[in-house]
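*Asks:* First the structure, which I've put down as structure tokens, then a few questions once you've had a look.
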Amino acid sequence: MLQQTQVERVKDYFHRFVTKFPSVFDLAEADEAVVLKYWEGLGYYRRARQLHAAAKLIVSDHEGIFPHDACALRQLPGVGRYTAGAISSISFDLPEPILEANSRRVLARLTHYGRPLSGNKDDQPLWDIAAAIVPRDGGAGAFNQALMDLGSIVCTPVSPCCETCPLAEHCEAYQRGSVDQIPNVPTRKSSKKINEKAYVLVHKGKLLVVRRQPGEWWEGLWDFPRGIPDRMTACGRQRRLGVIDYSVTNHKVTCQILSKMASQRPAVRRHQRWLSPLEIQKLPMTSPGRKIALLAEKHFS
Ligand code: SF4
């Protein structure tokens, strides 16, 4: 949950999630829709699907016992080098390095690493440094956490507190007066603006919802259709229910919400359903889908 998301935002979700799925067996046996429902609103739903897949693998291949070493951990869906290093050092005190945004910045400044930081395998020299300094005789987890804390509290991206930093005398960037230039972070791509229309199609008090398909944003979650689906005819006056704005990846989307009556209720495909507002409440929905459902409820209840 903490990948890409801050602790404050995660706390409540975490408690709800572990109450619902108190063991790896509970999570492995759960239906994906239920797992996604408990993740709803937290974003990056791929994490939920991968966590679910990892739980199944731990049950089927490891008898429900979490693997300890970093190599076995990295075989689990969703577990990359950082997560494997964090689990093995913090949970099992193994001398595994970690590198994330905060520790990467500290190590780059300490060693005056001027190459652009990519956040991927191009940062290998920093991984090598992290591996070289992690303690081998115990305390690896505390060491890694201290490095991350130093980055988030002292060695901040802007105006780091070098005067009080315990590493100042070893810090190349500080000694050379180039703290402002390191790390070398490439500028982010500017976000792309998109306009779209979502449809609330109504038939006898039921609304059409569609499940996001593989390759789409929010795969596996439910939403309202963008456009009137093939084979479906709509009649009557089109009504404008409102406009919502949302962001997804590096896109900023403005979405007009329109409603129409469906003249008849055609057979739906597997990823489509006609449901009442109450039934829709129980589905795992995308965040724009949830906003559209609220708008629809206001207009049709
Ligand atoms: S001396 Fe400054 S730049 Fe160097 S590690 Fe400490 S806070 Fe970061």
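Chain identifiers are assigned as A, B, and so on, following the order in which chains appear in the structure tokens; residues are numbered from 1 within each chain, and ligands are numbered from 1 in order of appearance.
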Mind checking which residues fall within 8 Å of Val106 in chain A, counting only C-alpha atoms, ignoring those fewer than 5 positions away in the same chain, and posting them as a ChimeraX atom specification?

*Replies:* /A:147,150-151,155

*Asks:* Please produce an output containing N, CA and C atoms for each residue in the selection, written as a compact mmCIF listing (two decimals), in the first residue's frame.

*Replies:*
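Printed below is selection.txt as written:
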```txt
# COMPACT_ATOMS: atom_id res chain seq x y z
N LEU A 147 18.39 5.65 6.93
CA LEU A 147 18.78 6.34 5.70
C LEU A 147 17.56 6.99 5.04
N LEU A 150 16.51 9.95 7.23
CA LEU A 150 17.42 11.09 7.05
C LEU A 150 17.04 11.85 5.77
N GLY A 151 16.73 11.08 4.74
CA GLY A 151 16.35 11.72 3.47
C GLY A 151 15.04 12.49 3.58
N CYS A 155 17.75 15.55 4.84
CA CYS A 155 18.29 15.76 3.49
C CYS A 155 17.14 15.90 2.50
```

*Asks:* Got a sec: who's within 8 Å of Arg211 in chain A, counting only C-alpha atoms, leaving out chain neighbours fewer than 3 positions off, as a PyMOL selection string?

*Replies:* chain A and resi 219-223+271-272

*Asks:* Output all heavy atoms of each residue in that selection to a file, as a PDB file, in the first residue's frame.

*Replies:*
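Output saved as out-v3.pdb:
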```
ATOM      1  N   GLU A 219      -7.983  -1.432 -14.473  1.00  0.00           N
ATOM      2  CA  GLU A 219      -8.419  -2.777 -14.883  1.00  0.00           C
ATOM      3  C   GLU A 219      -9.133  -3.512 -13.739  1.00  0.00           C
ATOM      4  O   GLU A 219      -8.643  -3.532 -12.608  1.00  0.00           O
ATOM      5  CB  GLU A 219      -7.186  -3.581 -15.316  1.00  0.00           C
ATOM      6  CG  GLU A 219      -7.534  -5.000 -15.712  1.00  0.00           C
ATOM      7  CD  GLU A 219      -6.293  -5.854 -15.864  1.00  0.00           C
ATOM      8  OE1 GLU A 219      -5.203  -5.317 -16.105  1.00  0.00           O
ATOM      9  OE2 GLU A 219      -6.439  -7.091 -15.731  1.00  0.00           O
ATOM     10  N   GLY A 220     -10.272  -4.081 -14.049  1.00  0.00           N
ATOM     11  CA  GLY A 220     -11.005  -4.894 -13.065  1.00  0.00           C
ATOM     12  C   GLY A 220     -12.028  -4.108 -12.265  1.00  0.00           C
ATOM     13  O   GLY A 220     -12.878  -4.696 -11.611  1.00  0.00           O
ATOM     14  N   LEU A 221     -11.957  -2.767 -12.281  1.00  0.00           N
ATOM     15  CA  LEU A 221     -12.932  -1.970 -11.532  1.00  0.00           C
ATOM     16  C   LEU A 221     -14.091  -1.588 -12.448  1.00  0.00           C
ATOM     17  O   LEU A 221     -13.984  -1.634 -13.669  1.00  0.00           O
ATOM     18  CB  LEU A 221     -12.271  -0.708 -10.968  1.00  0.00           C
ATOM     19  CG  LEU A 221     -11.591  -0.942  -9.610  1.00  0.00           C
ATOM     20  CD1 LEU A 221     -10.252  -1.597  -9.791  1.00  0.00           C
ATOM     21  CD2 LEU A 221     -11.421   0.361  -8.865  1.00  0.00           C
ATOM     22  N   TRP A 222     -15.195  -1.186 -11.815  1.00  0.00           N
ATOM     23  CA  TRP A 222     -16.393  -0.846 -12.581  1.00  0.00           C
ATOM     24  C   TRP A 222     -16.483   0.658 -12.790  1.00  0.00           C
ATOM     25  O   TRP A 222     -15.976   1.447 -11.992  1.00  0.00           O
ATOM     26  CB  TRP A 222     -17.639  -1.377 -11.856  1.00  0.00           C
ATOM     27  CG  TRP A 222     -17.683  -2.875 -11.887  1.00  0.00           C
ATOM     28  CD1 TRP A 222     -17.063  -3.717 -11.026  1.00  0.00           C
ATOM     29  CD2 TRP A 222     -18.329  -3.701 -12.858  1.00  0.00           C
ATOM     30  NE1 TRP A 222     -17.283  -5.025 -11.376  1.00  0.00           N
ATOM     31  CE2 TRP A 222     -18.061  -5.042 -12.504  1.00  0.00           C
ATOM     32  CE3 TRP A 222     -19.113  -3.459 -13.991  1.00  0.00           C
ATOM     33  CZ2 TRP A 222     -18.551  -6.130 -13.235  1.00  0.00           C
ATOM     34  CZ3 TRP A 222     -19.605  -4.530 -14.719  1.00  0.00           C
ATOM     35  CH2 TRP A 222     -19.327  -5.850 -14.340  1.00  0.00           C
ATOM     36  N   ASP A 223     -17.177   1.036 -13.866  1.00  0.00           N
ATOM     37  CA  ASP A 223     -17.257   2.450 -14.232  1.00  0.00           C
ATOM     38  C   ASP A 223     -18.490   2.633 -15.120  1.00  0.00           C
ATOM     39  O   ASP A 223     -19.171   1.647 -15.453  1.00  0.00           O
ATOM     40  CB  ASP A 223     -15.980   2.832 -15.012  1.00  0.00           C
ATOM     41  CG  ASP A 223     -15.695   4.319 -14.946  1.00  0.00           C
ATOM     42  OD1 ASP A 223     -16.621   5.090 -14.649  1.00  0.00           O
ATOM     43  OD2 ASP A 223     -14.537   4.696 -15.197  1.00  0.00           O
ATOM     44  N   HIS A 271     -18.752  -8.009 -19.533  1.00  0.00           N
ATOM     45  CA  HIS A 271     -18.174  -6.927 -18.744  1.00  0.00           C
ATOM     46  C   HIS A 271     -19.167  -5.769 -18.543  1.00  0.00           C
ATOM     47  O   HIS A 271     -18.776  -4.696 -18.132  1.00  0.00           O
ATOM     48  CB  HIS A 271     -16.886  -6.419 -19.399  1.00  0.00           C
ATOM     49  CG  HIS A 271     -17.116  -5.760 -20.729  1.00  0.00           C
ATOM     50  ND1 HIS A 271     -17.434  -6.469 -21.849  1.00  0.00           N
ATOM     51  CD2 HIS A 271     -17.085  -4.456 -21.082  1.00  0.00           C
ATOM     52  CE1 HIS A 271     -17.577  -5.629 -22.849  1.00  0.00           C
ATOM     53  NE2 HIS A 271     -17.383  -4.398 -22.422  1.00  0.00           N
ATOM     54  N   GLN A 272     -20.466  -6.029 -18.842  1.00  0.00           N
ATOM     55  CA  GLN A 272     -21.468  -4.974 -18.649  1.00  0.00           C
ATOM     56  C   GLN A 272     -22.583  -5.511 -17.747  1.00  0.00           C
ATOM     57  O   GLN A 272     -22.890  -6.703 -17.772  1.00  0.00           O
ATOM     58  CB  GLN A 272     -22.088  -4.587 -19.999  1.00  0.00           C
ATOM     59  CG  GLN A 272     -21.065  -4.110 -21.020  1.00  0.00           C
ATOM     60  CD  GLN A 272     -21.663  -3.959 -22.411  1.00  0.00           C
ATOM     61  OE1 GLN A 272     -22.636  -4.614 -22.764  1.00  0.00           O
ATOM     62  NE2 GLN A 272     -21.049  -3.118 -23.225  1.00  0.00           N
TER      63      GLN A 272
END
```

*Asks:* For the structure I just gave you, how does DSSP split range 64-246 of chain A - specifically, which residues are helix (DSSP H, G or I)? Reply as a PyMOL selection string.

*Replies:* chain A and resi 70-73+81-91+101-111+121-133+140-154+162-164+168-170+172-175+179-181

*Asks:* Which residues are near ligand 1 - at most 12 Å, using only C-alpha atoms and all ligand atoms? Format: as a PyMOL selection string.

*Replies:* chain A and resi 102-113+147-183

*Asks:* As a list in words, please: every residue in range 6-201 of chain A that DSSP puts in strand (DSSP E).

*Replies:*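 DSSP on the backbone gives strand (DSSP E) at Lys192, Lys193, Ile194, Asn195, Glu196, Lys197, Ala198, Tyr199, Val200 and Leu201 of chain A.
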
*Asks:* Extract, using only C-alpha atoms, all DNA, RNA and protein residues at most 10 Å from range 36-45 of chain A, discarding same-chain residues fewer than 6 positions from it, and format them as a CSV table (one decimal) with all heavy atoms, in the first residue's frame.

*Replies:*
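Heads up, here's the output in around35.csv:
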```csv
chain,number,residue,atom,x,y,z
A,1,MET,N,0.8,-1.2,0.0
A,1,MET,CA,0.0,0.0,0.0
A,1,MET,C,0.9,1.3,0.0
A,1,MET,O,0.5,2.3,-0.5
A,1,MET,CB,-0.9,0.0,1.2
A,1,MET,CG,-2.1,-0.9,1.1
A,1,MET,SD,-3.2,-0.7,2.5
A,1,MET,CE,-4.5,-1.8,2.1
A,3,GLN,N,3.6,1.7,-1.5
A,3,GLN,CA,4.3,2.1,-2.8
A,3,GLN,C,3.5,3.2,-3.4
A,3,GLN,O,2.3,3.1,-3.7
A,3,GLN,CB,4.3,0.9,-3.7
A,3,GLN,CG,5.2,-0.3,-3.3
A,3,GLN,CD,5.0,-1.5,-4.1
A,3,GLN,OE1,4.0,-1.7,-4.9
A,3,GLN,NE2,5.9,-2.4,-4.0
A,4,GLN,N,4.1,4.3,-3.6
A,4,GLN,CA,3.5,5.5,-4.3
A,4,GLN,C,2.5,6.3,-3.4
A,4,GLN,O,1.9,7.2,-3.9
A,4,GLN,CB,2.8,5.2,-5.6
A,4,GLN,CG,3.5,4.2,-6.5
A,4,GLN,CD,4.5,5.0,-7.4
A,4,GLN,OE1,4.5,6.2,-7.5
A,4,GLN,NE2,5.5,4.2,-7.9
A,5,THR,N,2.3,5.8,-2.2
A,5,THR,CA,1.3,6.5,-1.4
A,5,THR,C,1.8,6.8,0.0
A,5,THR,O,2.5,5.9,0.6
A,5,THR,CB,0.0,5.6,-1.3
A,5,THR,OG1,-0.3,5.2,-2.6
A,5,THR,CG2,-1.2,6.3,-0.8
A,9,ARG,N,-2.3,8.6,4.3
A,9,ARG,CA,-3.4,8.2,3.4
A,9,ARG,C,-3.7,6.7,3.5
A,9,ARG,O,-4.8,6.3,3.3
A,9,ARG,CB,-3.1,8.6,2.0
A,9,ARG,CG,-4.2,8.7,1.1
A,9,ARG,CD,-3.8,9.5,-0.2
A,9,ARG,NE,-4.2,8.8,-1.4
A,9,ARG,CZ,-5.5,8.5,-1.7
A,9,ARG,NH1,-6.4,8.8,-0.9
A,9,ARG,NH2,-5.7,7.8,-2.8
A,10,VAL,N,-2.6,6.0,3.8
A,10,VAL,CA,-2.8,4.5,3.8
A,10,VAL,C,-3.4,3.9,5.1
A,10,VAL,O,-4.1,2.9,5.1
A,10,VAL,CB,-1.4,3.9,3.6
A,10,VAL,CG1,-1.3,2.4,4.0
A,10,VAL,CG2,-1.0,4.0,2.1
A,13,TYR,N,-7.0,2.5,5.3
A,13,TYR,CA,-7.1,1.4,4.3
A,13,TYR,C,-6.4,0.2,4.9
A,13,TYR,O,-6.9,-0.9,4.8
A,13,TYR,CB,-6.5,1.8,3.0
A,13,TYR,CG,-7.3,2.7,2.2
A,13,TYR,CD1,-7.1,4.1,2.2
A,13,TYR,CD2,-8.3,2.2,1.3
A,13,TYR,CE1,-7.9,4.9,1.5
A,13,TYR,CE2,-9.1,3.0,0.6
A,13,TYR,CZ,-8.9,4.4,0.6
A,13,TYR,OH,-9.7,5.2,-0.1
A,14,PHE,N,-5.2,0.3,5.4
A,14,PHE,CA,-4.5,-0.8,5.9
A,14,PHE,C,-5.3,-1.5,7.0
A,14,PHE,O,-5.4,-2.7,7.0
A,14,PHE,CB,-3.1,-0.3,6.5
A,14,PHE,CG,-2.3,-1.4,7.1
A,14,PHE,CD1,-1.7,-2.3,6.4
A,14,PHE,CD2,-2.3,-1.5,8.5
A,14,PHE,CE1,-0.9,-3.3,7.0
A,14,PHE,CE2,-1.6,-2.5,9.1
A,14,PHE,CZ,-0.9,-3.4,8.4
A,16,ARG,N,-8.5,-1.5,7.7
A,16,ARG,CA,-9.7,-2.1,7.1
A,16,ARG,C,-9.3,-3.4,6.4
A,16,ARG,O,-9.9,-4.5,6.5
A,16,ARG,CB,-10.4,-1.2,6.1
A,16,ARG,CG,-11.4,-0.3,6.8
A,16,ARG,CD,-12.4,0.2,5.8
A,16,ARG,NE,-11.8,0.9,4.7
A,16,ARG,CZ,-11.6,2.2,4.7
A,16,ARG,NH1,-11.9,2.9,5.8
A,16,ARG,NH2,-11.0,2.8,3.7
A,17,PHE,N,-8.2,-3.3,5.6
A,17,PHE,CA,-7.7,-4.5,4.8
A,17,PHE,C,-7.3,-5.6,5.7
A,17,PHE,O,-7.7,-6.8,5.4
A,17,PHE,CB,-6.6,-4.0,3.9
A,17,PHE,CG,-6.3,-4.9,2.7
A,17,PHE,CD1,-7.0,-4.7,1.5
A,17,PHE,CD2,-5.4,-5.9,2.8
A,17,PHE,CE1,-6.8,-5.5,0.4
A,17,PHE,CE2,-5.2,-6.7,1.7
A,17,PHE,CZ,-5.9,-6.5,0.5
A,18,VAL,N,-6.5,-5.4,6.7
A,18,VAL,CA,-6.0,-6.5,7.5
A,18,VAL,C,-7.1,-7.1,8.4
A,18,VAL,O,-7.0,-8.2,8.9
A,18,VAL,CB,-4.7,-6.2,8.3
A,18,VAL,CG1,-3.6,-6.0,7.4
A,18,VAL,CG2,-4.9,-5.0,9.3
A,20,LYS,N,-10.2,-7.3,7.3
A,20,LYS,CA,-11.0,-8.2,6.4
A,20,LYS,C,-10.2,-9.4,6.0
A,20,LYS,O,-10.8,-10.5,5.9
A,20,LYS,CB,-11.4,-7.4,5.1
A,20,LYS,CG,-12.0,-8.1,4.0
A,20,LYS,CD,-13.5,-8.5,4.4
A,20,LYS,CE,-14.1,-9.3,3.4
A,20,LYS,NZ,-15.4,-9.9,3.8
A,21,PHE,N,-8.9,-9.3,5.8
A,21,PHE,CA,-8.0,-10.4,5.4
A,21,PHE,C,-6.9,-10.6,6.4
A,21,PHE,O,-5.8,-10.2,6.2
A,21,PHE,CB,-7.4,-10.1,4.0
A,21,PHE,CG,-8.4,-9.7,3.0
A,21,PHE,CD1,-8.4,-8.3,2.5
A,21,PHE,CD2,-9.4,-10.5,2.4
A,21,PHE,CE1,-9.3,-7.9,1.5
A,21,PHE,CE2,-10.3,-10.1,1.5
A,21,PHE,CZ,-10.3,-8.8,1.0
A,51,LEU,N,-0.9,-8.0,-5.0
A,51,LEU,CA,-0.9,-8.5,-3.7
A,51,LEU,C,-1.7,-9.8,-3.5
A,51,LEU,O,-1.3,-10.8,-2.9
A,51,LEU,CB,-1.4,-7.4,-2.7
A,51,LEU,CG,-1.3,-7.6,-1.2
A,51,LEU,CD1,0.1,-7.7,-0.8
A,51,LEU,CD2,-2.0,-6.5,-0.5
A,52,HIS,N,-2.9,-9.8,-4.2
A,52,HIS,CA,-3.7,-10.9,-4.2
A,52,HIS,C,-3.1,-12.1,-4.9
A,52,HIS,O,-3.1,-13.2,-4.3
A,52,HIS,CB,-5.0,-10.5,-5.0
A,52,HIS,CG,-6.1,-11.5,-4.9
A,52,HIS,ND1,-7.1,-11.7,-5.9
A,52,HIS,CD2,-6.5,-12.4,-3.9
A,52,HIS,CE1,-7.9,-12.6,-5.5
A,52,HIS,NE2,-7.6,-13.0,-4.3
A,217,TRP,N,-7.0,1.8,-18.0
A,217,TRP,CA,-6.8,2.3,-16.7
A,217,TRP,C,-7.8,1.6,-15.7
A,217,TRP,O,-8.9,1.3,-16.1
A,217,TRP,CB,-7.1,3.8,-16.6
A,217,TRP,CG,-6.1,4.6,-17.3
A,217,TRP,CD1,-4.7,4.4,-17.4
A,217,TRP,CD2,-6.3,5.8,-18.0
A,217,TRP,NE1,-4.1,5.4,-18.2
A,217,TRP,CE2,-5.1,6.3,-18.5
A,217,TRP,CE3,-7.5,6.6,-18.2
A,217,TRP,CZ2,-4.9,7.5,-19.2
A,217,TRP,CZ3,-7.3,7.8,-19.0
A,217,TRP,CH2,-6.1,8.2,-19.4
A,218,TRP,N,-7.4,1.3,-14.5
A,218,TRP,CA,-8.3,0.7,-13.5
A,218,TRP,C,-8.8,-0.6,-13.9
A,218,TRP,O,-10.0,-1.0,-13.6
A,218,TRP,CB,-9.5,1.6,-13.2
A,218,TRP,CG,-9.2,3.0,-12.7
A,218,TRP,CD1,-8.6,3.3,-11.5
A,218,TRP,CD2,-9.4,4.3,-13.3
A,218,TRP,NE1,-8.5,4.6,-11.3
A,218,TRP,CE2,-9.0,5.3,-12.4
A,218,TRP,CE3,-10.0,4.6,-14.5
A,218,TRP,CZ2,-9.1,6.6,-12.7
A,218,TRP,CZ3,-10.1,6.0,-14.8
A,218,TRP,CH2,-9.6,6.9,-13.9
A,219,GLU,N,-8.0,-1.4,-14.5
A,219,GLU,CA,-8.4,-2.8,-14.9
A,219,GLU,C,-9.1,-3.5,-13.7
A,219,GLU,O,-8.6,-3.5,-12.6
A,219,GLU,CB,-7.2,-3.6,-15.3
A,219,GLU,CG,-7.5,-5.0,-15.7
A,219,GLU,CD,-6.3,-5.9,-15.9
A,219,GLU,OE1,-5.2,-5.3,-16.1
A,219,GLU,OE2,-6.4,-7.1,-15.7
A,220,GLY,N,-10.3,-4.1,-14.0
A,220,GLY,CA,-11.0,-4.9,-13.1
A,220,GLY,C,-12.0,-4.1,-12.3
A,220,GLY,O,-12.9,-4.7,-11.6
A,221,LEU,N,-12.0,-2.8,-12.3
A,221,LEU,CA,-12.9,-2.0,-11.5
A,221,LEU,C,-14.1,-1.6,-12.4
A,221,LEU,O,-14.0,-1.6,-13.7
A,221,LEU,CB,-12.3,-0.7,-11.0
A,221,LEU,CG,-11.6,-0.9,-9.6
A,221,LEU,CD1,-10.3,-1.6,-9.8
A,221,LEU,CD2,-11.4,0.4,-8.9
A,248,VAL,N,-5.3,10.9,-13.9
A,248,VAL,CA,-4.9,9.5,-13.9
A,248,VAL,C,-3.6,9.4,-14.7
A,248,VAL,O,-3.4,10.0,-15.7
A,248,VAL,CB,-6.0,8.6,-14.5
A,248,VAL,CG1,-6.5,9.0,-15.8
A,248,VAL,CG2,-5.5,7.1,-14.5
A,249,THR,N,-2.6,8.7,-14.2
A,249,THR,CA,-1.2,8.7,-14.6
A,249,THR,C,-0.8,10.2,-14.9
A,249,THR,O,-1.0,11.0,-14.0
A,249,THR,CB,-1.0,7.8,-15.9
A,249,THR,OG1,-1.8,8.3,-16.9
A,249,THR,CG2,-1.3,6.4,-15.6
A,282,LYS,N,-22.1,-1.4,-4.0
A,282,LYS,CA,-21.4,-2.5,-3.5
A,282,LYS,C,-20.2,-3.0,-4.4
A,282,LYS,O,-19.4,-3.8,-4.0
A,282,LYS,CB,-22.3,-3.7,-3.3
A,282,LYS,CG,-23.3,-3.5,-2.2
A,282,LYS,CD,-24.3,-4.6,-2.0
A,282,LYS,CE,-25.4,-4.2,-1.1
A,282,LYS,NZ,-26.6,-5.0,-1.3
A,283,LEU,N,-20.2,-2.4,-5.6
A,283,LEU,CA,-19.1,-2.8,-6.5
A,283,LEU,C,-17.8,-2.0,-6.3
A,283,LEU,O,-17.9,-0.9,-5.8
A,283,LEU,CB,-19.6,-2.4,-8.0
A,283,LEU,CG,-20.6,-3.2,-8.7
A,283,LEU,CD1,-20.8,-2.5,-10.1
A,283,LEU,CD2,-20.2,-4.6,-8.8
A,284,PRO,N,-16.7,-2.6,-6.6
A,284,PRO,CA,-15.4,-1.9,-6.6
A,284,PRO,C,-15.5,-0.9,-7.8
A,284,PRO,O,-15.5,-1.4,-8.9
A,284,PRO,CB,-14.3,-2.9,-6.7
A,284,PRO,CG,-15.0,-4.1,-7.3
A,284,PRO,CD,-16.4,-4.1,-7.0
A,285,MET,N,-15.5,0.4,-7.6
A,285,MET,CA,-15.6,1.3,-8.7
A,285,MET,C,-14.3,2.2,-8.8
A,285,MET,O,-13.6,2.4,-7.8
A,285,MET,CB,-16.7,2.4,-8.3
A,285,MET,CG,-18.1,1.8,-8.3
A,285,MET,SD,-18.8,1.4,-9.9
A,285,MET,CE,-19.3,3.0,-10.5
A,286,THR,N,-14.1,2.7,-10.0
A,286,THR,CA,-13.1,3.6,-10.2
A,286,THR,C,-13.4,4.9,-9.5
A,286,THR,O,-14.6,5.1,-9.2
A,286,THR,CB,-12.9,4.0,-11.7
A,286,THR,OG1,-14.1,4.7,-12.1
A,286,THR,CG2,-12.7,2.7,-12.6
A,287,SER,N,-12.5,5.8,-9.2
A,287,SER,CA,-12.8,7.0,-8.5
A,287,SER,C,-13.8,7.9,-9.3
A,287,SER,O,-14.7,8.4,-8.8
A,287,SER,CB,-11.6,7.8,-7.9
A,287,SER,OG,-10.7,8.0,-9.0
A,288,PRO,N,-13.5,8.1,-10.7
A,288,PRO,CA,-14.5,8.9,-11.4
A,288,PRO,C,-15.9,8.2,-11.5
A,288,PRO,O,-16.9,8.8,-11.4
A,288,PRO,CB,-13.9,9.0,-12.8
A,288,PRO,CG,-12.7,8.2,-12.9
A,288,PRO,CD,-12.3,7.8,-11.5
A,290,ARG,N,-17.2,6.4,-9.2
A,290,ARG,CA,-17.9,6.6,-7.9
A,290,ARG,C,-18.6,8.0,-7.9
A,290,ARG,O,-19.7,8.2,-7.4
A,290,ARG,CB,-16.9,6.5,-6.7
A,290,ARG,CG,-17.5,6.5,-5.4
A,290,ARG,CD,-18.6,5.5,-5.1
A,290,ARG,NE,-18.1,4.1,-5.0
A,290,ARG,CZ,-18.9,3.1,-5.3
A,290,ARG,NH1,-20.1,3.2,-5.7
A,290,ARG,NH2,-18.3,1.8,-5.2
```

*Asks:* Could you pull the residues within 6 Å of range 120-132 of chain A, counting only C-alpha atoms, minus those fewer than 2 positions along the same chain, as a compact mmCIF listing (two decimals) with all heavy atoms, in the first residue's frame?

*Replies:*
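In the end it all went to result_21.txt:
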```
# COMPACT_ATOMS: atom_id res chain seq x y z
N PRO A 97 20.27 -4.29 0.58
CA PRO A 97 20.16 -2.84 0.42
C PRO A 97 18.77 -2.44 -0.05
O PRO A 97 18.02 -3.28 -0.58
CB PRO A 97 21.17 -2.55 -0.68
CG PRO A 97 21.19 -3.80 -1.51
CD PRO A 97 20.93 -4.94 -0.56
N SER A 118 17.10 7.93 -12.48
CA SER A 118 16.01 7.44 -13.31
C SER A 118 14.96 6.70 -12.49
O SER A 118 13.83 6.54 -12.92
CB SER A 118 16.55 6.49 -14.38
OG SER A 118 17.15 5.39 -13.73
N VAL A 134 25.47 -1.37 3.69
CA VAL A 134 24.49 -1.97 4.62
C VAL A 134 25.21 -2.90 5.61
O VAL A 134 26.08 -3.67 5.22
CB VAL A 134 23.36 -2.69 3.83
CG1 VAL A 134 23.83 -3.95 3.15
CG2 VAL A 134 22.16 -2.98 4.71
```
